[in-house]
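Text of the file entry.cif, holding mmCIF, C-alpha atoms:
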data_target
#
loop_
_atom_site.label_atom_id
_atom_site.label_comp_id
_atom_site.auth_asym_id
_atom_site.auth_seq_id
_atom_site.Cartn_x
_atom_site.Cartn_y
_atom_site.Cartn_z
CA MET M 10 -21.66 6.92 25.67
CA SER M 11 -18.03 6.87 24.55
CA LEU M 12 -16.73 3.39 23.89
CA THR M 13 -13.15 4.35 24.72
CA ALA M 14 -11.36 6.56 27.22
CA PRO M 15 -8.78 9.11 26.02
CA THR M 16 -5.34 7.51 25.94
CA ARG M 17 -1.74 8.40 25.17
CA ASP M 18 -0.88 4.73 24.82
CA ILE M 19 0.82 4.82 21.40
CA GLY M 20 0.22 1.13 20.72
CA LEU M 21 -3.45 1.44 21.50
CA LEU M 22 -3.78 4.56 19.35
CA ARG M 23 -2.22 2.66 16.46
CA GLU M 24 -4.77 -0.10 16.93
CA HIS M 25 -7.57 2.47 16.91
CA ALA M 26 -6.20 3.86 13.64
CA LYS M 27 -6.10 0.38 12.14
CA GLU M 28 -9.71 -0.19 13.14
CA VAL M 29 -10.65 3.15 11.60
CA ARG M 30 -9.01 2.00 8.36
CA ARG M 31 -10.91 -1.29 8.42
CA GLU M 32 -14.20 0.55 8.76
CA ILE M 33 -13.26 2.93 5.95
CA VAL M 34 -12.58 0.05 3.58
CA LYS M 35 -15.79 -1.78 4.52
CA MET M 36 -18.12 1.21 4.25
CA LEU M 37 -16.68 2.38 0.93
CA THR M 38 -17.01 -1.07 -0.57
CA GLU M 39 -20.60 -1.29 0.62
CA ALA M 40 -21.35 2.13 -0.87
CA GLY M 41 -19.61 1.38 -4.16
CA SER M 42 -18.33 4.94 -4.36
CA GLY M 43 -16.40 7.44 -2.32
CA HIS M 44 -12.88 8.58 -1.52
CA THR M 45 -10.48 5.86 -0.44
CA GLY M 46 -6.97 7.32 -0.61
CA GLY M 47 -7.46 10.53 1.34
CA SER M 48 -9.59 8.85 3.99
CA LEU M 49 -6.91 6.24 4.69
CA SER M 50 -4.09 8.80 4.72
CA ALA M 51 -5.82 10.77 7.47
CA ALA M 52 -6.67 7.81 9.72
CA ASP M 53 -3.74 8.24 12.12
CA ILE M 54 -4.35 11.98 12.50
CA VAL M 55 -8.08 11.64 13.11
CA SER M 56 -7.55 8.75 15.53
CA ALA M 57 -5.08 10.82 17.56
CA LEU M 58 -7.63 13.62 17.74
CA TYR M 59 -10.68 11.57 18.71
CA PHE M 60 -9.03 8.94 20.90
CA TYR M 61 -6.44 11.15 22.57
CA LYS M 62 -6.42 14.89 22.17
CA MET M 63 -9.89 16.37 21.78
CA ARG M 64 -12.17 16.99 24.70
CA HIS M 65 -15.55 15.70 23.56
CA ARG M 66 -18.56 13.79 24.84
CA PRO M 67 -20.21 11.36 22.42
CA ASP M 68 -23.22 11.14 24.76
CA ASP M 69 -23.51 14.95 24.75
CA PRO M 70 -22.46 16.22 21.28
CA GLU M 71 -23.58 19.77 22.09
CA TRP M 72 -21.45 20.02 25.24
CA LYS M 73 -20.49 23.70 25.29
CA GLU M 74 -16.87 23.20 26.36
CA ARG M 75 -16.04 20.58 23.75
CA ASP M 76 -13.21 20.94 21.28
CA ARG M 77 -14.33 21.28 17.65
CA PHE M 78 -13.16 19.37 14.59
CA VAL M 79 -13.58 20.79 11.07
CA LEU M 80 -12.97 18.33 8.24
CA SER M 81 -12.14 20.90 5.58
CA LYS M 82 -11.29 18.10 3.12
CA GLY M 83 -14.88 16.96 3.35
CA HIS M 84 -14.56 14.27 0.69
CA ALA M 85 -12.66 12.24 3.31
CA ALA M 86 -15.92 11.89 5.26
CA PRO M 87 -15.44 8.11 5.81
CA VAL M 88 -12.54 8.73 8.20
CA LEU M 89 -14.74 11.05 10.27
CA TYR M 90 -17.69 8.65 10.22
CA ALA M 91 -15.48 5.78 11.37
CA ALA M 92 -14.16 7.87 14.27
CA LEU M 93 -17.69 8.92 15.25
CA ALA M 94 -18.84 5.30 15.24
CA LEU M 95 -15.87 3.95 17.17
CA THR M 96 -16.13 6.63 19.85
CA GLY M 97 -19.86 6.16 20.30
CA TYR M 98 -21.57 9.08 18.55
CA ILE M 99 -23.41 6.77 16.18
CA GLU M 100 -24.16 3.07 15.91
CA ARG M 101 -21.47 1.16 14.10
CA GLY M 102 -24.02 -0.53 11.88
CA LEU M 103 -24.95 2.85 10.42
CA LEU M 104 -21.64 2.88 8.55
CA LYS M 105 -23.12 0.41 6.07
CA THR M 106 -25.48 3.15 4.85
CA LEU M 107 -22.73 5.48 3.58
CA ARG M 108 -23.88 7.58 0.60
CA ARG M 109 -27.40 6.21 0.49
CA ILE M 110 -29.88 8.93 -0.33
CA ASP M 111 -31.81 8.47 2.94
CA SER M 112 -28.70 8.09 5.13
CA PRO M 113 -27.27 10.74 7.47
CA LEU M 114 -23.85 9.59 6.24
CA GLN M 115 -23.71 11.65 3.08
CA GLY M 116 -20.75 11.73 0.69
CA HIS M 117 -19.64 14.91 2.44
CA PRO M 118 -20.37 15.59 6.13
CA SER M 119 -23.69 17.25 6.92
CA SER M 120 -24.11 18.88 10.32
CA LYS M 121 -27.87 18.94 9.77
CA MET M 122 -28.07 15.19 9.35
CA LEU M 123 -25.48 13.67 11.70
CA ARG M 124 -24.71 14.24 15.37
CA GLY M 125 -21.07 14.93 16.02
CA VAL M 126 -20.49 16.80 12.74
CA GLU M 127 -19.71 20.41 13.61
CA ILE M 128 -20.13 21.90 10.15
CA SER M 129 -21.07 20.78 6.65
CA THR M 130 -17.97 20.72 4.44
CA GLY M 131 -16.91 19.67 0.98
CA SER M 132 -16.38 22.88 -0.97
CA LEU M 133 -12.60 22.93 -0.67
CA GLY M 134 -10.81 25.91 0.79
CA GLN M 135 -13.52 27.06 3.19
CA GLY M 136 -12.80 25.00 6.29
CA LEU M 137 -10.02 27.14 7.74
CA SER M 138 -12.18 30.28 7.52
CA ILE M 139 -14.94 28.43 9.36
CA ALA M 140 -12.45 27.21 11.97
CA ASN M 141 -11.24 30.79 12.46
CA GLY M 142 -14.77 31.93 13.24
CA MET M 143 -15.40 29.04 15.61
CA ALA M 144 -12.16 29.66 17.49
CA MET M 145 -12.76 33.40 17.79
CA GLY M 146 -16.30 32.79 19.01
CA LEU M 147 -15.09 30.38 21.67
CA ARG M 148 -12.53 32.92 22.83
CA MET M 149 -15.16 35.66 22.99
CA ASP M 150 -17.31 33.36 25.13
CA GLY M 151 -14.43 32.85 27.55
CA LEU M 152 -14.12 29.13 26.80
CA ASN M 153 -10.84 27.21 26.70
CA SER M 154 -12.05 24.95 23.90
CA ARG M 155 -9.84 24.40 20.87
CA VAL M 156 -10.57 24.00 17.17
CA TYR M 157 -8.79 21.50 14.91
CA CYS M 158 -9.06 21.87 11.13
CA LEU M 159 -7.88 19.14 8.75
CA LEU M 160 -6.98 20.29 5.24
CA GLY M 161 -5.71 18.43 2.19
CA ASP M 162 -2.50 19.50 0.51
CA GLY M 163 -4.24 19.87 -2.85
CA GLU M 164 -6.71 22.09 -1.03
CA LEU M 165 -3.90 24.56 -0.34
CA GLN M 166 -4.20 25.54 -4.00
CA GLU M 167 -7.36 27.43 -2.99
CA GLY M 168 -6.72 31.11 -2.36
CA GLN M 169 -9.20 31.32 0.49
CA VAL M 170 -6.93 29.10 2.59
CA TRP M 171 -4.25 31.79 2.57
CA GLU M 172 -6.72 34.57 3.32
CA ALA M 173 -7.76 32.54 6.35
CA ALA M 174 -4.11 31.98 7.25
CA MET M 175 -3.56 35.75 7.31
CA THR M 176 -6.68 36.29 9.37
CA ALA M 177 -5.74 33.73 12.01
CA VAL M 178 -2.37 35.38 12.60
CA HIS M 179 -3.77 38.91 12.53
CA TYR M 180 -6.17 38.06 15.34
CA GLY M 181 -3.73 35.84 17.23
CA ILE M 182 -6.09 32.85 17.21
CA ASP M 183 -4.01 30.54 19.37
CA ASN M 184 -6.84 28.13 20.17
CA LEU M 185 -6.71 26.98 16.54
CA CYS M 186 -4.63 24.15 15.12
CA ALA M 187 -4.63 23.43 11.39
CA ILE M 188 -3.39 20.06 10.15
CA VAL M 189 -2.35 19.48 6.54
CA ASP M 190 -2.77 15.92 5.29
CA ASN M 191 0.21 16.22 2.95
CA ASN M 192 -0.03 13.03 0.88
CA GLY M 193 1.24 14.61 -2.33
CA LEU M 194 -1.65 13.52 -4.54
CA GLN M 195 -4.99 14.90 -5.65
CA ILE M 196 -7.67 13.69 -8.05
CA ASP M 197 -5.73 14.67 -11.18
CA GLY M 198 -2.34 13.36 -10.09
CA PHE M 199 0.64 14.69 -8.16
CA CYS M 200 0.02 18.05 -6.51
CA CYS M 201 3.37 19.28 -7.81
CA ASP M 202 2.20 18.67 -11.38
CA VAL M 203 -1.28 20.16 -11.00
CA MET M 204 -0.22 23.28 -9.07
CA LYS M 205 2.98 23.30 -7.04
CA ILE M 206 2.39 24.01 -3.36
CA GLU M 207 5.83 23.41 -1.89
CA PRO M 208 7.58 24.72 0.11
CA ILE M 209 4.60 24.22 2.45
CA THR M 210 6.31 24.70 5.81
CA GLU M 211 8.10 27.87 4.69
CA LYS M 212 4.84 29.34 3.40
CA TRP M 213 3.02 28.82 6.70
CA LYS M 214 6.00 30.24 8.59
CA ALA M 215 6.01 33.29 6.32
CA PHE M 216 2.37 33.87 7.20
CA GLY M 217 3.33 33.89 10.90
CA TRP M 218 2.11 30.47 12.05
CA HIS M 219 3.84 28.17 14.49
CA VAL M 220 4.77 25.29 12.18
CA MET M 221 5.52 21.63 12.91
CA ASP M 222 6.58 19.24 10.13
CA ILE M 223 6.05 15.59 11.04
CA ASP M 224 5.56 12.05 9.77
CA GLY M 225 1.77 11.88 9.63
CA HIS M 226 1.75 8.14 10.29
CA ALA M 227 4.11 8.17 13.29
CA MET M 228 1.61 8.24 16.15
CA GLU M 229 4.09 9.51 18.72
CA GLN M 230 5.02 12.45 16.49
CA ILE M 231 1.33 13.24 15.95
CA VAL M 232 0.42 13.35 19.64
CA ASP M 233 3.57 15.30 20.50
CA ALA M 234 2.73 17.87 17.83
CA LEU M 235 -0.85 18.20 19.08
CA ASP M 236 0.47 18.75 22.61
CA GLU M 237 2.97 21.33 21.39
CA ALA M 238 0.26 23.21 19.50
CA GLU M 239 -1.78 23.53 22.68
CA ARG M 240 1.17 25.13 24.48
CA VAL M 241 1.72 27.82 21.83
CA LYS M 242 0.31 31.21 22.78
CA GLY M 243 -0.30 34.31 20.68
CA LYS M 244 -0.41 32.65 17.26
CA PRO M 245 -2.14 29.71 15.53
CA SER M 246 -0.35 26.43 14.94
CA VAL M 247 -0.19 24.21 11.88
CA ILE M 248 0.99 20.61 11.66
CA VAL M 249 2.27 19.64 8.22
CA ALA M 250 1.74 15.87 8.33
CA ARG M 251 3.66 14.02 5.64
CA THR M 252 1.41 11.12 4.72
CA VAL M 253 0.87 8.46 2.06
CA LYS M 254 -2.31 8.37 -0.01
CA GLY M 255 -4.10 5.08 0.75
CA LYS M 256 -1.87 4.35 3.75
CA GLY M 257 -2.33 0.93 5.33
CA VAL M 258 -3.27 -1.00 2.21
CA SER M 259 -0.26 -1.71 0.01
CA PHE M 260 -2.09 -1.74 -3.32
CA PHE M 261 -3.83 1.59 -2.61
CA GLU M 262 -0.74 3.43 -1.41
CA GLY M 263 0.59 6.28 -3.51
CA LYS M 264 -1.96 5.87 -6.30
CA ALA M 265 -3.92 8.89 -7.48
CA GLU M 266 -6.60 6.71 -9.09
CA TYR M 267 -7.83 5.68 -5.64
CA HIS M 268 -8.56 9.28 -4.72
CA GLY M 269 -12.22 8.85 -5.66
CA ILE M 270 -12.68 5.13 -6.30
CA ALA M 271 -14.15 2.67 -3.81
CA PRO M 272 -12.61 -0.79 -3.31
CA THR M 273 -14.15 -3.77 -5.05
CA LYS M 274 -15.24 -6.69 -2.88
CA GLU M 275 -12.07 -8.55 -3.82
CA GLU M 276 -9.96 -5.52 -2.91
CA ARG M 277 -11.88 -5.16 0.35
CA ASP M 278 -11.05 -8.74 1.33
CA ARG M 279 -7.38 -8.29 0.46
CA ALA M 280 -7.25 -4.97 2.31
CA LEU M 281 -8.85 -6.36 5.46
CA GLU M 282 -6.34 -9.21 5.40
CA GLU M 283 -3.52 -6.66 5.38
CA LEU M 284 -5.19 -4.66 8.17
CA LYS M 285 -5.51 -7.60 10.57
#
Kindly present the structure from the file in structure tokens form.
Amino acid sequence: MSLTAPTRDIGLLREHAKEVRREIVKMLTEAGSGHTGGSLSAADIVSALYFYKMRHRPDDPEWKERDRFVLSKGHAAPVLYAALALTGYIERGLLKTLRRIDSPLQGHPSSKMLRGVEISTGSLGQGLSIANGMAMGLRMDGLNSRVYCLLGDGELQEGQVWEAAMTAVHYGIDNLCAIVDNNGLQIDGFCCDVMKIEPITEKWKAFGWHVMDIDGHAMEQIVDALDEAERVKGKPSVIVARTVKGKGVSFFEGKAEYHGIAPTKEERDRALEELK
């Protein structure tokens, strides 16, 4: 059963996000590998989805009318696993098994191994195409369910993202909301140095999407944007969430090296102290 009821209490949602961050830090340290920065940057967004916006039933993961979440930036699996544990899909103790060979909590989400994971992801650029298909299928079935797809900003360098963006507008997929975790960094450094992707908002607008540009750590802005997206008809919506890589832990913030490095035990203890 779900451990929490959906809430628009901004203070409570912030606390949920902080708890998600604590679990991310602990499970990555236990695993000794994984993606720290991009998991922490997405914690507020994912918390708003799972604790407020999405219609879902942890005790009935296959509920037909549920909303769907696609973690296109699949390397940020720890943020999804933390949300699944804190909402009751899985036992919290399972988080300690992250990345073990016999664990359902693989380095990238596997829908075949873990309840609550809609689709296996990790090959960047494919998630929005998958979300398109899900949303169109739900519409064909006459369901009011929505699909939320979280992409990384470095992921926007993949051409398939823009093919999917064209497709979504062409078919008027208005039960789809894409969210860009725009933290400005990827594994090799600043996105602008690897392959410039700005101006992001203008690009999505040019493709015909309803675009919202927000502070991705301001919980009130996040929930307002999710509500606005649901009201938009005739076209898909995208939320460009301006975030900070490693958000919540001062010595992780804004550092590309923590894209794919797990905290040490000393760093874990310092991080948990900051996240009290």
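Our summary of the geometry notes that CA of Glu207 in chain M is positioned 21.6 Å from CA of Ala227 in chain M.
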Worksheet entry | Residue among M:Leu137, M:Leu284, M:Ile128, M:Ile19 lying closest to Ser56 in chain M, counting all atoms listed in the file |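 Nearest candidate to Ser56 in chain M out of M:Leu137, M:Leu284, M:Ile128, M:Ile19: M:Ile19.
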Item to complete: Any chance you could resolve the PyMOL selection byres ((chain M and resi 189) around 8) against this file and give the residues as a list of chain:residue names?
Response: M:Leu159, M:Leu160, M:Gly161, M:Asp162, M:Ala187, M:Ile188, M:Asp190, M:Asn191, M:Val247, M:Ile248, M:Val249, M:Ala250
Worksheet item: Written as a ChimeraX atom specification, which residues does the PyMOL selection byres ((chain M and resi 17) around 9) give for the file shown?
Response: /M:15-16,18-22,57,60-62,229,232
Practice prompt. Report as a ChimeraX atom specification the residues that result from applying the PyMOL selection byres ((chain M and resi 256) around 12) to the structure here.
Written response: /M:26-27,29-31,33-34,45-54,190,192,225-227,251-255,257-264,267-268,280,283-284
Worksheet entry | CA of Lys285 in chain M to CA of Ala40 in chain M, distance in Å rounded to a single decimal | 21.8 Å
Listed atoms of range 161-179 of chain M boxed axis-aligned with 5 Å per side, centre + edges as JSON:
{"center_x": -5.8, "center_y": 28.7, "center_z": 4.3, "size_x": 16.8, "size_y": 30.5, "size_z": 26.6}
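We find CA of Leu235 in chain M and CA of Glu74 in chain M to be spaced 18.3 Å apart.
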Worksheet entry | Which of M:Val126, M:Val170, M:Ile231, M:Ala177 sits closest to Asn141 in chain M [using all atoms listed in the file] |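 Of all the options, M:Ala177 lies closest to Asn141 in chain M.
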Discussion item. Counting all atoms listed in the file, which residues have an atom no more than 6 Å from (-17.4, -3.8, -4.1) in the file's coordinates? Please list them as a PyMOL selection string.
Written reply: chain M and resi 38+41+272-274
Take the residues that were just selected and, keeping C-alpha atoms, output them as a PDB file, in the frame of the given file.
ATOM      1  CA  THR M  38     -17.010  -1.070  -0.570  1.00  0.00           C
ATOM      2  CA  GLY M  41     -19.610   1.380  -4.160  1.00  0.00           C
ATOM      3  CA  PRO M 272     -12.610  -0.790  -3.310  1.00  0.00           C
ATOM      4  CA  THR M 273     -14.150  -3.770  -5.050  1.00  0.00           C
ATOM      5  CA  LYS M 274     -15.240  -6.690  -2.880  1.00  0.00           C
TER       6      LYS M 274
END
Worksheet entry | Selected residue, from M:His65, M:His117, M:Arg109, M:Arg23, that lies nearest to Ser81 in chain M when counting all atoms listed in the file |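 Of the candidates, the smallest distance to Ser81 in chain M is held by M:His117.
Residue nearest Tyr180 in chain M, chosen from M:Ile99, M:Ile206, M:Leu37, M:Ala144 and counting all atoms listed in the file: M:Ala144.
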Fill in: Nearest candidate to Lys35 in chain M (options M:Cys186, M:Leu107, M:Cys200, M:Leu93; using all atoms listed in the file)
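The shortest atom-to-atom distance to Lys35 in chain M comes from M:Leu107.
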Worksheet entry | From M:Ala215, M:Met204, M:Leu152, M:Cys158, residue lying nearest Gly83 in chain M [all atoms listed in the file] |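 Of M:Ala215, M:Met204, M:Leu152, M:Cys158, the one nearest Gly83 in chain M is M:Cys158, counting all atoms listed in the file.
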Discussion item. Which residues are near Asp197 in chain M? Cut-off 9 Å, only C-alpha atoms, ignore same chain within fewer than 6 positions. Put them as a list in words.
Written reply: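 Surrounding residues, per the criterion: Val203, Ala265, Glu266 and His268 of chain M.
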Practice prompt. Within 9 Å of (-7.6, 26.8, 26.3) (coordinates as in the file), grab all the protein and nucleic acid residues, counting only C-alpha atoms, and write them out as a ChimeraX atom specification.
Written response: /M:148,152-155,183-184,239
Deliver the residues from the most recent selection as a file, using C-alpha atoms, as a short mmCIF file (atom, residue, chain, number, x, y, z; two decimals), in the frame of the given file.
data_model
loop_
_atom_site.label_atom_id
_atom_site.label_comp_id
_atom_site.auth_asym_id
_atom_site.auth_seq_id
_atom_site.Cartn_x
_atom_site.Cartn_y
_atom_site.Cartn_z
CA ARG M 148 -12.53 32.92 22.83
CA LEU M 152 -14.12 29.13 26.80
CA ASN M 153 -10.84 27.21 26.70
CA SER M 154 -12.05 24.95 23.90
CA ARG M 155 -9.84 24.40 20.87
CA ASP M 183 -4.01 30.54 19.37
CA ASN M 184 -6.84 28.13 20.17
CA GLU M 239 -1.78 23.53 22.68
#
Extract range 15-131 of chain M from the structure I just pasted (atoms: C-alpha atoms) and return it as a short mmCIF file (atom, residue, chain, number, x, y, z; two decimals), in the first residue's frame.
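This is the output file selection_34.cif:
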data_model
loop_
_atom_site.label_atom_id
_atom_site.label_comp_id
_atom_site.auth_asym_id
_atom_site.auth_seq_id
_atom_site.Cartn_x
_atom_site.Cartn_y
_atom_site.Cartn_z
CA PRO M 15 -1.11 12.76 -2.62
CA THR M 16 -0.53 16.26 -1.31
CA ARG M 17 -0.11 19.81 -2.58
CA ASP M 18 1.42 20.84 0.72
CA ILE M 19 4.61 22.50 -0.56
CA GLY M 20 6.46 22.08 2.72
CA LEU M 21 5.64 18.40 2.88
CA LEU M 22 6.66 17.89 -0.76
CA ARG M 23 10.01 19.51 0.01
CA GLU M 24 10.47 17.11 2.90
CA HIS M 25 9.66 14.18 0.61
CA ALA M 26 12.29 15.44 -1.84
CA LYS M 27 14.85 15.70 0.95
CA GLU M 28 14.11 12.13 2.01
CA VAL M 29 14.48 11.01 -1.60
CA ARG M 30 17.91 12.67 -1.66
CA ARG M 31 18.94 10.94 1.56
CA GLU M 32 18.02 7.56 0.10
CA ILE M 33 19.90 8.34 -3.11
CA VAL M 34 23.08 9.14 -1.20
CA LYS M 35 22.80 6.04 0.99
CA MET M 36 22.09 3.56 -1.79
CA LEU M 37 24.84 4.90 -4.06
CA THR M 38 27.39 4.73 -1.27
CA GLU M 39 26.35 1.17 -0.50
CA ALA M 40 26.65 0.22 -4.17
CA GLY M 41 29.99 1.96 -4.62
CA SER M 42 29.01 3.06 -8.12
CA GLY M 43 26.26 4.89 -9.91
CA HIS M 44 25.11 8.36 -10.90
CA THR M 45 24.97 10.90 -8.11
CA GLY M 46 24.64 14.33 -9.72
CA GLY M 47 21.75 13.70 -12.09
CA SER M 48 19.80 11.69 -9.53
CA LEU M 49 19.98 14.51 -6.97
CA SER M 50 19.10 17.20 -9.52
CA ALA M 51 15.86 15.40 -10.40
CA ALA M 52 14.71 14.73 -6.82
CA ASP M 53 12.29 17.66 -6.60
CA ILE M 54 10.71 16.87 -9.96
CA VAL M 55 10.26 13.17 -9.26
CA SER M 56 8.92 13.88 -5.77
CA ALA M 57 6.31 16.26 -7.18
CA LEU M 58 5.23 13.58 -9.64
CA TYR M 59 5.01 10.65 -7.22
CA PHE M 60 3.79 12.46 -4.12
CA TYR M 61 1.47 14.95 -5.79
CA LYS M 62 0.63 14.77 -9.45
CA MET M 63 0.53 11.23 -10.79
CA ARG M 64 -2.42 8.96 -10.31
CA HIS M 65 -0.91 5.64 -9.29
CA ARG M 66 -1.47 2.74 -6.92
CA PRO M 67 1.61 1.18 -5.33
CA ASP M 68 -0.51 -1.79 -4.20
CA ASP M 69 -1.75 -2.26 -7.79
CA PRO M 70 1.11 -1.32 -10.18
CA GLU M 71 -0.80 -2.61 -13.20
CA TRP M 72 -3.88 -0.45 -12.52
CA LYS M 73 -5.13 0.32 -16.02
CA GLU M 74 -6.00 3.97 -15.39
CA ARG M 75 -2.68 4.90 -13.80
CA ASP M 76 -0.47 7.68 -15.10
CA ARG M 77 2.85 6.50 -16.55
CA PHE M 78 6.36 7.73 -15.81
CA VAL M 79 9.22 7.20 -18.27
CA LEU M 80 12.70 7.89 -16.92
CA SER M 81 14.37 8.56 -20.24
CA LYS M 82 17.60 9.53 -18.45
CA GLY M 83 17.77 6.00 -17.12
CA HIS M 84 21.17 6.42 -15.47
CA ALA M 85 19.35 8.45 -12.79
CA ALA M 86 17.64 5.24 -11.65
CA PRO M 87 18.35 5.91 -7.94
CA VAL M 88 15.87 8.80 -7.89
CA LEU M 89 13.17 6.51 -9.29
CA TYR M 90 14.02 3.69 -6.89
CA ALA M 91 13.86 6.06 -3.92
CA ALA M 92 10.43 7.30 -5.01
CA LEU M 93 9.18 3.74 -5.49
CA ALA M 94 10.38 2.77 -2.03
CA LEU M 95 8.98 5.82 -0.27
CA THR M 96 5.57 5.47 -1.91
CA GLY M 97 5.32 1.76 -1.14
CA TYR M 98 6.02 -0.10 -4.37
CA ILE M 99 9.03 -1.86 -2.87
CA GLU M 100 10.50 -2.43 0.57
CA ARG M 101 12.82 0.34 1.64
CA GLY M 102 15.49 -2.16 2.64
CA LEU M 103 15.76 -3.27 -0.98
CA LEU M 104 17.51 0.01 -1.79
CA LYS M 105 20.66 -1.38 -0.19
CA THR M 106 20.93 -3.88 -3.05
CA LEU M 107 21.36 -1.27 -5.80
CA ARG M 108 23.49 -2.55 -8.71
CA ARG M 109 24.06 -6.01 -7.27
CA ILE M 110 23.95 -8.63 -9.97
CA ASP M 111 21.03 -10.49 -8.38
CA SER M 112 19.06 -7.34 -7.46
CA PRO M 113 15.98 -6.01 -9.27
CA LEU M 114 17.51 -2.56 -8.76
CA GLN M 115 19.82 -2.56 -11.74
CA GLY M 116 22.03 0.36 -12.75
CA HIS M 117 19.33 1.33 -15.23
CA PRO M 118 15.62 0.62 -14.64
CA SER M 119 14.35 -2.77 -15.77
CA SER M 120 10.61 -3.23 -16.18
CA LYS M 121 11.13 -7.00 -16.23
CA MET M 122 12.75 -7.01 -12.81
CA LEU M 123 11.02 -4.33 -10.74
CA ARG M 124 7.36 -3.54 -10.12
CA GLY M 125 6.50 0.07 -10.74
CA VAL M 126 8.99 0.51 -13.61
CA GLU M 127 6.98 1.12 -16.77
CA ILE M 128 9.76 0.59 -19.29
CA SER M 129 13.44 -0.33 -19.32
CA THR M 130 15.54 2.74 -20.16
CA GLY M 131 19.15 3.80 -20.35
#
